Structures are given as C-alpha cells and as structure tokens.
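**Student:** Structure supplied as entry.txt; contents: compact mmCIF, C-alpha atoms.
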# COMPACT_ATOMS: atom_id res chain seq x y z
CA MET A 1 15.25 12.17 4.76
CA GLU A 2 14.56 14.82 2.15
CA TYR A 3 11.13 14.52 0.58
CA LEU A 4 11.38 14.89 -3.19
CA TYR A 5 7.81 14.17 -4.27
CA SER A 6 5.45 14.56 -1.31
CA LYS A 7 4.72 17.96 0.19
CA ASN A 8 3.94 18.49 3.86
CA GLU A 9 0.22 18.85 3.28
CA ASN A 10 -2.93 18.02 5.19
CA PHE A 11 -3.77 14.37 4.51
CA GLU A 12 -6.70 14.15 6.93
CA ASP A 13 -9.04 12.98 4.15
CA PHE A 14 -7.08 9.72 4.13
CA SER A 15 -7.27 9.19 7.90
CA SER A 16 -8.15 5.62 8.76
CA GLY A 17 -11.74 5.44 9.99
CA ARG A 18 -12.76 8.75 8.40
CA VAL A 19 -13.61 7.54 4.90
CA LEU A 20 -11.29 4.57 4.61
CA TYR A 21 -12.40 1.72 6.84
CA ASN A 22 -10.45 0.84 9.96
CA ALA A 23 -10.46 -2.18 12.24
CA LYS A 24 -8.64 -3.48 15.28
CA GLY A 25 -5.31 -5.06 14.44
CA ILE A 26 -4.72 -3.05 11.25
CA PRO A 27 -1.78 -0.62 11.61
CA ASN A 28 -1.84 2.78 9.91
CA PHE A 29 0.87 4.20 7.68
CA SER A 30 2.03 7.77 7.08
CA VAL A 31 0.37 9.01 3.89
CA ARG A 32 3.18 11.42 3.12
CA LEU A 33 5.81 8.72 3.51
CA LEU A 34 3.76 6.29 1.44
CA GLN A 35 3.42 8.84 -1.35
CA GLU A 36 7.17 9.51 -1.28
CA MET A 37 8.03 5.81 -1.39
CA TYR A 38 5.70 5.18 -4.31
CA TYR A 39 6.83 8.11 -6.45
CA ARG A 40 10.50 7.34 -5.81
CA ALA A 41 9.84 3.82 -7.06
CA LYS A 42 7.84 5.10 -10.00
CA SER A 43 10.73 7.34 -11.08
CA TYR A 44 12.71 4.19 -11.95
CA LEU A 45 10.02 2.72 -14.21
CA LYS A 46 10.28 2.90 -17.97
CA LYS A 47 6.63 3.88 -18.21
CA ASN A 48 4.34 6.37 -16.50
CA GLN A 49 0.94 4.81 -17.17
CA ASP A 50 -0.73 1.39 -16.96
CA ILE A 51 1.18 0.67 -13.76
CA ILE A 52 0.51 -2.57 -11.88
CA VAL A 53 1.01 -2.34 -8.10
CA TYR A 54 1.23 -5.24 -5.65
CA ASP A 55 1.41 -5.41 -1.86
CA PRO A 56 2.12 -8.94 -0.56
CA CYS A 57 1.33 -7.92 3.05
CA CYS A 58 -1.68 -5.73 2.29
CA GLY A 59 -3.53 -6.13 5.59
CA GLY A 60 -6.75 -4.13 5.39
CA GLY A 61 -5.81 -2.56 2.05
CA TYR A 62 -5.19 0.87 3.55
CA THR A 63 -1.97 1.68 1.68
CA LEU A 64 -3.19 0.22 -1.62
CA THR A 65 -6.38 2.26 -1.49
CA ILE A 66 -4.44 5.46 -0.83
CA LEU A 67 -2.08 4.76 -3.73
CA GLY A 68 -5.08 4.08 -5.95
CA LEU A 69 -6.44 7.53 -5.10
CA LEU A 70 -3.13 9.42 -5.26
CA ASP A 71 -2.16 8.06 -8.69
CA ASN A 72 -5.60 7.09 -9.89
CA TYR A 73 -5.16 7.88 -13.59
CA ASN A 74 -1.84 6.06 -14.02
CA ILE A 75 -2.39 2.84 -12.03
CA SER A 76 -4.22 0.25 -14.11
CA LYS A 77 -4.39 -2.65 -11.65
CA ILE A 78 -3.81 -3.29 -7.96
CA TYR A 79 -3.02 -6.69 -6.45
CA GLY A 80 -3.05 -7.35 -2.74
CA SER A 81 -2.50 -10.45 -0.67
CA ASP A 82 -2.38 -11.33 2.99
CA ILE A 83 -2.00 -14.51 4.97
CA GLU A 84 -5.29 -13.87 6.82
CA GLN A 85 -8.68 -14.23 5.16
CA ARG A 86 -10.09 -11.69 7.65
CA MET A 87 -7.73 -9.04 6.33
CA ILE A 88 -8.62 -9.77 2.71
CA ILE A 89 -12.33 -9.36 3.44
CA PHE A 90 -11.60 -6.02 5.05
CA ALA A 91 -9.26 -4.96 2.22
CA GLU A 92 -12.09 -5.56 -0.24
CA LYS A 93 -14.15 -2.91 1.54
CA ASN A 94 -11.35 -0.35 1.25
CA LEU A 95 -10.38 -1.10 -2.34
CA ASN A 96 -14.04 -0.89 -3.30
CA LEU A 97 -13.70 2.85 -2.57
CA LEU A 98 -11.72 3.08 -5.82
CA SER A 99 -15.00 2.57 -7.67
CA TYR A 100 -17.71 5.21 -8.11
CA ALA A 101 -20.31 2.86 -6.66
CA GLY A 102 -18.13 2.05 -3.67
CA MET A 103 -17.49 5.69 -2.86
CA GLU A 104 -21.17 6.51 -3.29
CA ASN A 105 -22.12 3.74 -0.87
CA ARG A 106 -19.60 5.07 1.63
CA LYS A 107 -21.14 8.54 1.37
CA LYS A 108 -24.56 7.05 2.12
CA GLU A 109 -23.14 5.29 5.19
CA VAL A 110 -21.64 8.54 6.48
CA ILE A 111 -24.88 10.44 5.84
CA HIS A 112 -26.79 7.78 7.78
CA LEU A 113 -24.35 8.15 10.69
CA TYR A 114 -24.74 11.91 10.67
CA GLN A 115 -28.53 11.67 10.61
CA LYS A 116 -28.46 9.18 13.48
CA TYR A 117 -25.88 10.85 15.75
CA GLY A 118 -25.49 14.38 14.40
CA LYS A 119 -21.74 14.46 15.05
CA GLN A 120 -19.54 17.09 13.42
CA SER A 121 -16.98 14.39 12.68
CA HIS A 122 -19.47 12.68 10.40
CA MET A 123 -20.08 15.93 8.52
CA GLU A 124 -16.32 16.35 8.07
CA ALA A 125 -16.09 12.75 6.87
CA LEU A 126 -18.77 13.48 4.28
CA LYS A 127 -16.73 16.41 2.98
CA SER A 128 -13.73 14.10 2.78
CA CYS A 129 -15.79 11.62 0.77
CA GLU A 130 -16.64 14.32 -1.71
CA ARG A 131 -13.03 15.41 -2.07
CA LEU A 132 -11.77 11.84 -2.48
CA GLU A 133 -14.50 11.12 -5.01
CA LYS A 134 -13.10 13.90 -7.21
CA MET A 135 -9.79 12.03 -7.30
CA LEU A 136 -11.47 9.11 -9.09
CA LYS A 137 -10.61 9.77 -12.72
CA THR A 138 -10.93 6.10 -13.63
CA GLU A 139 -11.86 2.84 -11.95
CA ILE A 140 -8.78 0.74 -11.19
CA LYS A 141 -9.02 -3.02 -11.48
CA THR A 142 -8.29 -4.77 -8.18
CA GLU A 143 -7.61 -8.35 -7.21
CA LEU A 144 -7.11 -9.71 -3.70
CA PHE A 145 -6.09 -13.19 -2.62
CA VAL A 146 -5.02 -15.09 0.47
CA ALA A 147 -1.35 -16.09 0.32
CA ASP A 148 1.74 -16.61 2.45
CA CYS A 149 4.23 -14.38 0.67
CA THR A 150 7.15 -16.46 1.96
CA LYS A 151 5.90 -19.33 -0.20
CA GLN A 152 4.83 -19.67 -3.81
CA LEU A 153 2.89 -16.73 -5.27
CA PRO A 154 0.89 -16.43 -8.52
CA TYR A 155 2.89 -15.04 -11.45
CA ILE A 156 1.32 -11.58 -11.68
CA ILE A 157 4.35 -9.54 -12.90
CA PRO A 158 3.86 -6.21 -11.06
CA ASP A 159 5.63 -2.99 -12.02
CA ILE A 160 5.92 -1.82 -8.42
CA ILE A 161 5.88 -4.03 -5.34
CA LEU A 162 5.46 -1.92 -2.21
CA THR A 163 5.03 -3.39 1.23
CA ASP A 164 5.38 -2.62 4.92
CA VAL A 165 6.80 -5.72 6.61
CA PRO A 166 4.57 -6.91 9.49
CA TYR A 167 5.88 -5.98 12.91
CA GLY A 168 4.94 -5.48 16.55
CA GLN A 169 2.18 -7.13 18.54
CA LEU A 170 -0.60 -6.29 16.11
CA VAL A 171 0.59 -8.76 13.50
CA ASP A 172 2.20 -12.17 13.28
CA TRP A 173 4.89 -12.75 10.67
CA LYS A 174 4.02 -16.46 10.74
CA ALA A 175 7.61 -17.72 10.89
CA LYS A 176 10.20 -18.69 13.51
CA GLU A 177 12.92 -16.41 12.18
CA GLU A 178 11.94 -12.88 11.17
CA GLU A 179 15.01 -12.33 8.99
CA LEU A 180 14.50 -15.66 7.28
CA SER A 181 10.89 -14.70 6.55
CA ILE A 182 11.98 -11.49 4.83
CA GLU A 183 14.55 -13.36 2.73
CA GLN A 184 11.94 -15.92 1.73
CA MET A 185 9.49 -13.17 0.80
CA ILE A 186 12.10 -11.31 -1.24
CA GLU A 187 12.94 -14.46 -3.20
CA GLN A 188 9.28 -15.22 -3.92
CA LEU A 189 8.71 -11.65 -5.09
CA TRP A 190 11.62 -12.02 -7.52
CA ASN A 191 9.96 -15.14 -8.93
CA ILE A 192 6.81 -13.20 -9.90
CA SER A 193 8.62 -10.14 -11.29
CA ASN A 194 10.35 -9.15 -14.50
CA PRO A 195 13.55 -7.12 -15.18
CA ASP A 196 11.61 -3.82 -15.00
CA THR A 197 9.99 -4.45 -11.60
CA ILE A 198 10.84 -2.09 -8.72
CA LEU A 199 10.57 -3.30 -5.12
CA VAL A 200 10.04 -1.07 -2.06
CA VAL A 201 10.21 -2.57 1.42
CA CYS A 202 9.57 -0.70 4.67
CA MET A 203 10.92 -2.47 7.75
CA LYS A 204 12.55 -2.05 11.14
CA LYS A 205 15.82 -0.11 11.04
CA LYS A 206 17.89 -3.08 12.22
CA GLN A 207 16.47 -5.51 9.68
CA LYS A 208 18.60 -6.31 6.65
CA ILE A 209 17.92 -7.64 3.19
CA LYS A 210 20.76 -9.55 1.57
CA ASN A 211 19.66 -11.14 -1.65
CA LYS A 212 21.47 -11.40 -4.98
CA SER A 213 18.17 -11.41 -6.82
CA TRP A 214 17.65 -7.71 -6.06
CA THR A 215 20.01 -4.72 -6.19
CA ARG A 216 19.42 -1.95 -3.68
CA ILE A 217 19.27 1.52 -5.23
CA GLU A 218 17.98 3.62 -2.31
CA LYS A 219 17.95 3.43 1.50
CA HIS A 220 16.28 5.90 3.86
CA ILE A 221 15.87 5.84 7.65
CA ILE A 222 12.80 7.36 9.29
CA GLY A 223 12.88 7.11 13.08
CA LYS A 224 12.92 3.46 14.13
CA ARG A 225 12.07 2.26 10.63
CA LYS A 226 13.51 2.51 7.15
CA PHE A 227 12.59 1.82 3.57
CA GLU A 228 14.76 0.47 0.81
CA ILE A 229 14.20 0.45 -2.94
CA PHE A 230 15.50 -2.37 -5.12
CA LYS A 231 15.68 -3.14 -8.80
CA TYR A 232 15.40 -6.58 -10.31
CA SER A 233 18.68 -8.44 -10.72
CA LYS A 234 19.61 -11.63 -12.53
CA GLY A 235 20.71 -13.13 -9.23
Let's see the structure in the file written out as structure tokens.

**Tutor:**
Amino acid sequence: MEYLYSKNENFEDFSSGRVLYNAKGIPNFSVRLLQEMYYRAKSYLKKNQDIIVYDPCCGGGYTLTILGLLDNYNISKIYGSDIEQRMIIFAEKNLNLLSYAGMENRKKEVIHLYQKYGKQSHMEALKSCERLEKMLKTEIKTELFVADCTKQLPYIIPDIILTDVPYGQLVDWKAKEEELSIEQMIEQLWNISNPDTILVVCMKKKQKIKNKSWTRIEKHIIGKRKFEIFKYSKG
C-alpha cells in the first residue's frame, strides 16, 4: 500500500507503555497505519474541523488517544465503547492524557519512577511526555461507555468511525459467528450515523463485509490484515 498522508517517521513517543498506558490483553496498533487510515477517511469529509470520532471496539483507548494527539486541533469530541468495563476504565486513563492536567499527572508519575529506579527509559519517557504535551493545542471532549457494538448503540452521529475488529487470543468477539458479528456491528453503526459519516474497519484479510447500508470506497491489504473505508448508503 502506498502511504499518502503518513511519513515513515519515528513514532516512539506513542509507544504503548512509554507515555500511553499499557496493560495485559490490550493489543497495540501501528501508529503510521492508524494515521494513514484516519487521514484517508478525513479526506472524504465535507469539513475539516469539529470532527467527531468514534471507536466501537476501543479497548484500552490506545488508538483514540493517538488520534486525539495527531489531529488535536481539528477533533472536537471522541467517543469510545467496549464490551468490557475493565477496558473502559483503562481507556479513561489514556484519554485523560488529552487534557493538560492528565498529561501533567503522567509526567509526575514518570518523574517518580525515574527518582525511584533511575532508569534511562524513564528519562526518555519524560522527554516523550514533554513532546506529546506540545501537541495539545486544545482539550478534546471525550466520552466512554460500555456497549456491545453488535447490539443497539446510542445515537451519537460520528463523522468518522474507525475501529480495529477484535481478533486472536487476546480478545473475545463475544459471538458464535465472527462474520455475523461484523455484519451486526456494521448495521448498528449505520443506525447511529448520518449521510456524511465515513467508516473505517481494520480486520483479517479473509474477512468480508457485505452490507447494503455502506458503500466501500477503498480497500488496502497490509500483511495478514486489511482495512476498508466505507461511505454511508441509503441501504
């Protein structure tokens, strides 16, 4: 895949566990790929500012927090949901980094770790905190809630829905049929969207989305996975 928006840069400041919080059972995601997916989706919007972003499978809030930093000035609100309350509690910690107070508290935590253990990694993490803090041009509103995205969702009308479908042994899709789960999710996402909403789904290469409610406008394969971009359809 040709990258149109994201350069091959050093994204170590976003490494999970460095500044952003990490926990067992929460998969990571390529920052460069995430940035590319988001900006491709954004290119189809009719507006450039006051963007509302939603991830129905947000996990620990890693991807949402990164997006909030990368496009801090233009995103006005972030919604995230997950089927597990444990994940939502953890996502709150990460999304709190999009506030000045949250980032300041994280810096204090890293300083305490450095004073206690004296590790170079903690000093590097502190430098990352300072660089990420400079990316905070405004404080984005955030809202997290527990929900099964294959069932009824609150009508939040996002501009961009971006999600990485749960996979592997680290997560449980909570359904008997994986393909059926994706179809159910896609339909529920249509119900909370409007004609300008753009949907981005990252999934296994062999998985397919066939739904008249959405029209696919892009498809890209990356190794064993792929992402597809859809626009709202009348169904």

**Student:** Just checking: using all atoms listed in the file, which residue out of A:Ser233, A:Ala125, A:Ile140, A:Asn48 ends up closest to Leu113 of chain A?

**Tutor:**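 That would be A:Ala125, the residue with the smallest distance to Leu113 of chain A.
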
**Student:** Considering only C-alpha atoms, can you say which of A:Glu92, A:Glu9, A:Asp50, A:Asp159 comes closest to Val31 of chain A?

**Tutor:** A:Glu9

**Student:** Return the single residue from A:Met37, A:Lys7, A:Met103, A:Leu132 that is closest to Lys219 of chain A, with distances computed using only C-alpha atoms.

**Tutor:**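 Once distances to Lys219 of chain A are computed over only C-alpha atoms, the minimum belongs to A:Met37.
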
**Student:** Mind checking which residues fall within 12 Å of Leu95 of chain A, counting all atoms listed in the file, ignoring those fewer than 3 positions away in the same chain, and posting them as a PyMOL selection string?

**Tutor:** chain A and resi 19-21+58-69+77-80+88-92+98-103+106+139-144

**Student:** Go ahead and write the selection's residues with C-alpha atoms as an mmCIF file, in the frame of the given file.

**Tutor:**
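File written: part.cif
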data_model
loop_
_atom_site.group_PDB
_atom_site.id
_atom_site.type_symbol
_atom_site.label_atom_id
_atom_site.label_comp_id
_atom_site.auth_asym_id
_atom_site.auth_seq_id
_atom_site.Cartn_x
_atom_site.Cartn_y
_atom_site.Cartn_z
ATOM 1 C CA VAL A 19 -13.610 7.540 4.900
ATOM 2 C CA LEU A 20 -11.290 4.570 4.610
ATOM 3 C CA TYR A 21 -12.400 1.720 6.840
ATOM 4 C CA CYS A 58 -1.680 -5.730 2.290
ATOM 5 C CA GLY A 59 -3.530 -6.130 5.590
ATOM 6 C CA GLY A 60 -6.750 -4.130 5.390
ATOM 7 C CA GLY A 61 -5.810 -2.560 2.050
ATOM 8 C CA TYR A 62 -5.190 0.870 3.550
ATOM 9 C CA THR A 63 -1.970 1.680 1.680
ATOM 10 C CA LEU A 64 -3.190 0.220 -1.620
ATOM 11 C CA THR A 65 -6.380 2.260 -1.490
ATOM 12 C CA ILE A 66 -4.440 5.460 -0.830
ATOM 13 C CA LEU A 67 -2.080 4.760 -3.730
ATOM 14 C CA GLY A 68 -5.080 4.080 -5.950
ATOM 15 C CA LEU A 69 -6.440 7.530 -5.100
ATOM 16 C CA LYS A 77 -4.390 -2.650 -11.650
ATOM 17 C CA ILE A 78 -3.810 -3.290 -7.960
ATOM 18 C CA TYR A 79 -3.020 -6.690 -6.450
ATOM 19 C CA GLY A 80 -3.050 -7.350 -2.740
ATOM 20 C CA ILE A 88 -8.620 -9.770 2.710
ATOM 21 C CA ILE A 89 -12.330 -9.360 3.440
ATOM 22 C CA PHE A 90 -11.600 -6.020 5.050
ATOM 23 C CA ALA A 91 -9.260 -4.960 2.220
ATOM 24 C CA GLU A 92 -12.090 -5.560 -0.240
ATOM 25 C CA LEU A 98 -11.720 3.080 -5.820
ATOM 26 C CA SER A 99 -15.000 2.570 -7.670
ATOM 27 C CA TYR A 100 -17.710 5.210 -8.110
ATOM 28 C CA ALA A 101 -20.310 2.860 -6.660
ATOM 29 C CA GLY A 102 -18.130 2.050 -3.670
ATOM 30 C CA MET A 103 -17.490 5.690 -2.860
ATOM 31 C CA ARG A 106 -19.600 5.070 1.630
ATOM 32 C CA GLU A 139 -11.860 2.840 -11.950
ATOM 33 C CA ILE A 140 -8.780 0.740 -11.190
ATOM 34 C CA LYS A 141 -9.020 -3.020 -11.480
ATOM 35 C CA THR A 142 -8.290 -4.770 -8.180
ATOM 36 C CA GLU A 143 -7.610 -8.350 -7.210
ATOM 37 C CA LEU A 144 -7.110 -9.710 -3.700
#

**Student:** Fewer than 3 positions away in the same chain doesn't count, so skip those; otherwise give me all residues within 8 Å of Ile229 of chain A, counting all atoms listed in the file, as a PyMOL selection string.

**Tutor:** chain A and resi 41+198-201+216-219

**Student:** For His122 of chain A, list every protein, DNA or RNA residue within 8 Å, evaluated using all atoms listed in the file, and leave out those in the same chain fewer than 6 positions away; present the list as a VMD selection string.

**Tutor:** chain A and resid 110 to 111 113 to 114

**Student:** Store the residues of this selection in a file with C-alpha atoms, as a PDB file, keeping the file's coordinate frame.

**Tutor:**
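Okay, again_31.pdb is ready:
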ATOM      1  CA  VAL A 110     -21.640   8.540   6.480  1.00  0.00           C
ATOM      2  CA  ILE A 111     -24.880  10.440   5.840  1.00  0.00           C
ATOM      3  CA  LEU A 113     -24.350   8.150  10.690  1.00  0.00           C
ATOM      4  CA  TYR A 114     -24.740  11.910  10.670  1.00  0.00           C
TER       5      TYR A 114
END

**Student:** Give me, as a ChimeraX atom specification, all polymer residues having an atom no more than 9 Å from Arg40 of chain A, counting only C-alpha atoms and skipping those fewer than 5 positions away in the same chain.

**Tutor:** /A:4-5,35,229

**Student:** Please, what distance in Å, to one decimal, runs between atom CA of Lys206 of chain A and atom CA of Leu153 of chain A?

**Tutor:**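 For atom CA of Lys206 of chain A relative to atom CA of Leu153 of chain A, the distance reads 26.8 Å.
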
**Student:** Pick the closest to Lys231 of chain A from A:Ala23, A:Leu136, A:Ile160, A:Leu126: which is it, counting only C-alpha atoms?

**Tutor:** A:Ile160

**Student:** Which one of A:Tyr38, A:Tyr54, A:Trp214, A:Phe11 sits closest to Pro154 of chain A if you count only C-alpha atoms?

**Tutor:**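 The closest residue to Pro154 of chain A is A:Tyr54.
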
**Student:** Put a box with edges along x, y and z around all the listed atoms of segment 185-199 of chain A, pad it by 3 Å on each side, then give me its centre and sizes in Å, one decimal, as JSON.

**Tutor:**
{"center_x": 10.2, "center_y": -8.7, "center_z": -7.2, "size_x": 12.7, "size_y": 19.1, "size_z": 22.0}
